[in-house]
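> Dropping a structure here in structure tokens format, bear with me for questions.
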Amino acid sequence: MITTLAGGVGAAKLIDGLSSIVPPEELTIIVNTGDDCEFHGLHISPDLDIITYTLAGLVDEEKGWGIKNDTFNCLEMLEAYGHDTWFRLGDRDLATHIHRTMMLRSGYKLSEVTKDICAKLRIKQRIIPMTDDYFATKIKTDTGIIHFQEYLVKRGAVDVVHGIVYDGVEGAKPAPGVIESIMDAKVVIVCPSNPLVSIGTILAIKGVRQVLRETKAKKIAVSPIIGGTVVKGPADKMMRYLGIEVSALGVAKLYSDFLDIFVMDEVDAPLVHEVEKLGIKAVVTNTLMKTKDDRIRLAKFVLDVASVYKKA
Ligand code: GDP
């Protein structure tokens, strides 16, 4: 079994590649829920939706999130009523949030709702939220502590970041299957996702770092930082403000207590020696996933390096 730790868009691309070569029943995806938020009375789980829409073949490939060819009529009407509409929610996408919220209100856990959504969208891979409990990633800025979505989407990640707050972390238990799927895996893949607000949140859940250190699985990560910069998103800014070196090496250090293998981009080959000084095997390849072939090639590379599947 292969278990992956995932954020949103960066992770979804690698998982799409993996799903082309790994039988669905052998792939488990543990997803960040620190970005979850409430809009218009609905529970939104942005990263879970990116992963489910990707595996269901529904995702808007251009944006990397939302449903392809979606319309925004409901949001326009909400705007006419004077509601905040900076968080873009398409009409078909809203159906997911309504369905999720209805189930949560009738007492189902987020992991149960996610299982239901996967079944209805005919997704055979196992997708698990990192926790069923309240967990909200918040950012300390000059204007106060704001929700990550407000920092990223509403304000466009322009604020100086003084710190990250994992609100609710003390009470957040791993969702059913999180610990077991790491313990029982042959390979654990840390996707190329924001190391602080997508992977860092999963690692902050009680017991997760420990089981990553204890499991016999090979633990392999793909760097989200290529040549000292991001492909998209605010990871580089956030790392810089928090005094973390903005490089593949900086990311490797964040995972060094449990990681066996680190996959970096070819342009970061000069960092191999430094990463290996951390006790991690470092390998390089082209890690930029622009096309479907790139996704499959990188997924194959990761699995080959982890020696699960023989080279094609
Ligand atoms: P988000 O929640 O939608 O921002 O997505 P993630 O947290 O999953 O991923 C964001 C991170 O993924 C950023 O740091 C990007 O640099 C990285 N990323 C996105 N696409 C790629 C890619 O094709 N290759 C690599 N190596 N990293 C990527």
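Labeling convention for the structure tokens: chains A, B, ... as they appear, residues from 1 per chain, ligands from 1 in order of appearance.
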List as a VMD selection string the protein and nucleic acid residues lying within 8 Å of ligand 1, with only C-alpha atoms and all ligand atoms counted.
chain A and resid 6 to 14 35 46 to 47 50 64 to 65 191 to 195 197 to 199 222 to 226 229 to 236 264 to 265 287 to 290 295
> Assign secondary structure with DSSP using the backbone only, and return the residues of segment 97-287 of chain A in strand (DSSP E) as an MDAnalysis selection string.
chainID A and resid 126:129 136:141 144:147 163:167 187:190 218:222 225:226 229:230 261:265 281:285
> For Leu58 of chain A, which of A:Cys74, A:Ile2, A:Leu121, A:Ala252 is the closest residue, counting only C-alpha atoms?
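Of A:Cys74, A:Ile2, A:Leu121, A:Ala252, the one nearest Leu58 of chain A, counting only C-alpha atoms, is A:Leu121.
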> May I have the residues within 10 Å of Glu276 of chain A as a PDB file with C-alpha atoms, in the first residue's frame, using only C-alpha atoms and disregarding those fewer than 5 positions away in the same chain?

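Heads up, here's the output in out_26.pdb:
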ATOM      1  CA  LEU A 249      17.295  22.049   1.679  1.00  0.00           C
ATOM      2  CA  ALA A 252      14.300  18.738   3.755  1.00  0.00           C
ATOM      3  CA  ASP A 260      14.399   8.512   4.032  1.00  0.00           C
ATOM      4  CA  ILE A 261      14.526   9.929   0.504  1.00  0.00           C
ATOM      5  CA  PHE A 262      14.142  13.469  -0.879  1.00  0.00           C
ATOM      6  CA  LEU A 271      22.161  20.834  -2.723  1.00  0.00           C
ATOM      7  CA  LYS A 281      19.151  10.113   0.512  1.00  0.00           C
ATOM      8  CA  ALA A 282      18.787  12.910  -2.070  1.00  0.00           C
ATOM      9  CA  VAL A 283      17.915  12.296  -5.724  1.00  0.00           C
TER      10      VAL A 283
END
> Can you tell me which residues surround Thr85 of chain A at a distance of at most 9 Å, considering only C-alpha atoms, apart from same-chain residues fewer than 5 positions away, and format the answer as a PDB file with N, CA, C and O atoms, in the first residue's frame?

ATOM      1  N   PHE A  39     -18.290  29.369   4.592  1.00  0.00           N
ATOM      2  CA  PHE A  39     -18.831  30.490   3.825  1.00  0.00           C
ATOM      3  C   PHE A  39     -20.303  30.227   3.561  1.00  0.00           C
ATOM      4  O   PHE A  39     -20.673  29.087   3.237  1.00  0.00           O
ATOM      5  N   LEU A  75     -23.192  32.623  -6.845  1.00  0.00           N
ATOM      6  CA  LEU A  75     -22.316  33.616  -6.228  1.00  0.00           C
ATOM      7  C   LEU A  75     -22.699  35.041  -6.654  1.00  0.00           C
ATOM      8  O   LEU A  75     -22.686  35.970  -5.844  1.00  0.00           O
ATOM      9  N   GLU A  76     -23.053  35.189  -7.926  1.00  0.00           N
ATOM     10  CA  GLU A  76     -23.481  36.510  -8.426  1.00  0.00           C
ATOM     11  C   GLU A  76     -24.702  37.007  -7.663  1.00  0.00           C
ATOM     12  O   GLU A  76     -24.812  38.174  -7.309  1.00  0.00           O
ATOM     13  N   LEU A  78     -25.623  36.017  -4.669  1.00  0.00           N
ATOM     14  CA  LEU A  78     -25.217  36.303  -3.284  1.00  0.00           C
ATOM     15  C   LEU A  78     -24.590  37.697  -3.206  1.00  0.00           C
ATOM     16  O   LEU A  78     -24.801  38.437  -2.249  1.00  0.00           O
ATOM     17  N   GLU A  79     -23.816  38.032  -4.240  1.00  0.00           N
ATOM     18  CA  GLU A  79     -23.175  39.345  -4.299  1.00  0.00           C
ATOM     19  C   GLU A  79     -24.259  40.434  -4.353  1.00  0.00           C
ATOM     20  O   GLU A  79     -24.159  41.460  -3.677  1.00  0.00           O
TER      21      GLU A  79
END
> Just checking: using only C-alpha atoms, which residue out of A:Ile67, A:Met130, A:Val161, A:Leu55 ends up closest to Ile179 of chain A?
A:Met130
> With distances taken over only C-alpha atoms, which residue among A:Asn32, A:Leu89, A:Glu274, A:Glu61 lies nearest Asn73 of chain A?
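Once distances to Asn73 of chain A are computed over only C-alpha atoms, the minimum belongs to A:Leu89.
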> Using DSSP assignments from the backbone, pull out every residue in segment 151-234 of chain A that falls under alpha helix (DSSP H) and give it to me as a PyMOL selection string.
chain A and resi 178-183+199-204+208-214
> As number ranges by chain, please: the residues near Ile145 of chain A (cut-off 12 Å, only C-alpha atoms, same-chain neighbours under 4 positions excluded).
A: 136-141, 149-151, 159-167
> Filtering to C-alpha atoms, could you give me those residues as an mmCIF file, in the first residue's frame?

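Result file follows (out16.cif):
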data_model
loop_
_atom_site.group_PDB
_atom_site.id
_atom_site.type_symbol
_atom_site.label_atom_id
_atom_site.label_comp_id
_atom_site.auth_asym_id
_atom_site.auth_seq_id
_atom_site.Cartn_x
_atom_site.Cartn_y
_atom_site.Cartn_z
ATOM 1 C CA ALA A 136 -7.952 26.074 11.455
ATOM 2 C CA THR A 137 -4.684 27.400 10.091
ATOM 3 C CA LYS A 138 -4.341 31.075 10.946
ATOM 4 C CA ILE A 139 -1.704 33.632 10.073
ATOM 5 C CA LYS A 140 -0.257 36.255 12.415
ATOM 6 C CA THR A 141 -0.079 39.513 10.484
ATOM 7 C CA GLN A 149 -8.000 31.747 3.423
ATOM 8 C CA GLU A 150 -8.344 35.423 4.295
ATOM 9 C CA TYR A 151 -4.563 35.836 4.127
ATOM 10 C CA ASP A 159 0.925 40.539 4.545
ATOM 11 C CA VAL A 160 4.124 40.122 6.487
ATOM 12 C CA VAL A 161 3.815 36.736 8.204
ATOM 13 C CA HIS A 162 4.796 36.861 11.869
ATOM 14 C CA GLY A 163 3.754 33.332 12.639
ATOM 15 C CA ILE A 164 1.397 30.470 11.867
ATOM 16 C CA VAL A 165 -1.213 29.338 14.375
ATOM 17 C CA TYR A 166 -2.612 25.814 14.173
ATOM 18 C CA ASP A 167 -5.846 26.667 15.949
#
> Skip Asp49 of chain A itself and residues of its chain fewer than 3 positions away, then list as a list in words all residues within 10 Å of it, counting only C-alpha atoms.
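Answer for this query is Gly8, Val31, Ile44, Ser45, Pro46, Thr52, Tyr53, Thr54, Leu55, Val59, Trp65, Gly66, Ile67, Asp93, Thr96, His97, Thr114 and Ile117 of chain A.
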> For Lys186 of chain A, which of A:Ala56, A:Val284, A:Leu94, A:Leu27 is the closest residue, counting only C-alpha atoms?
A:Leu27
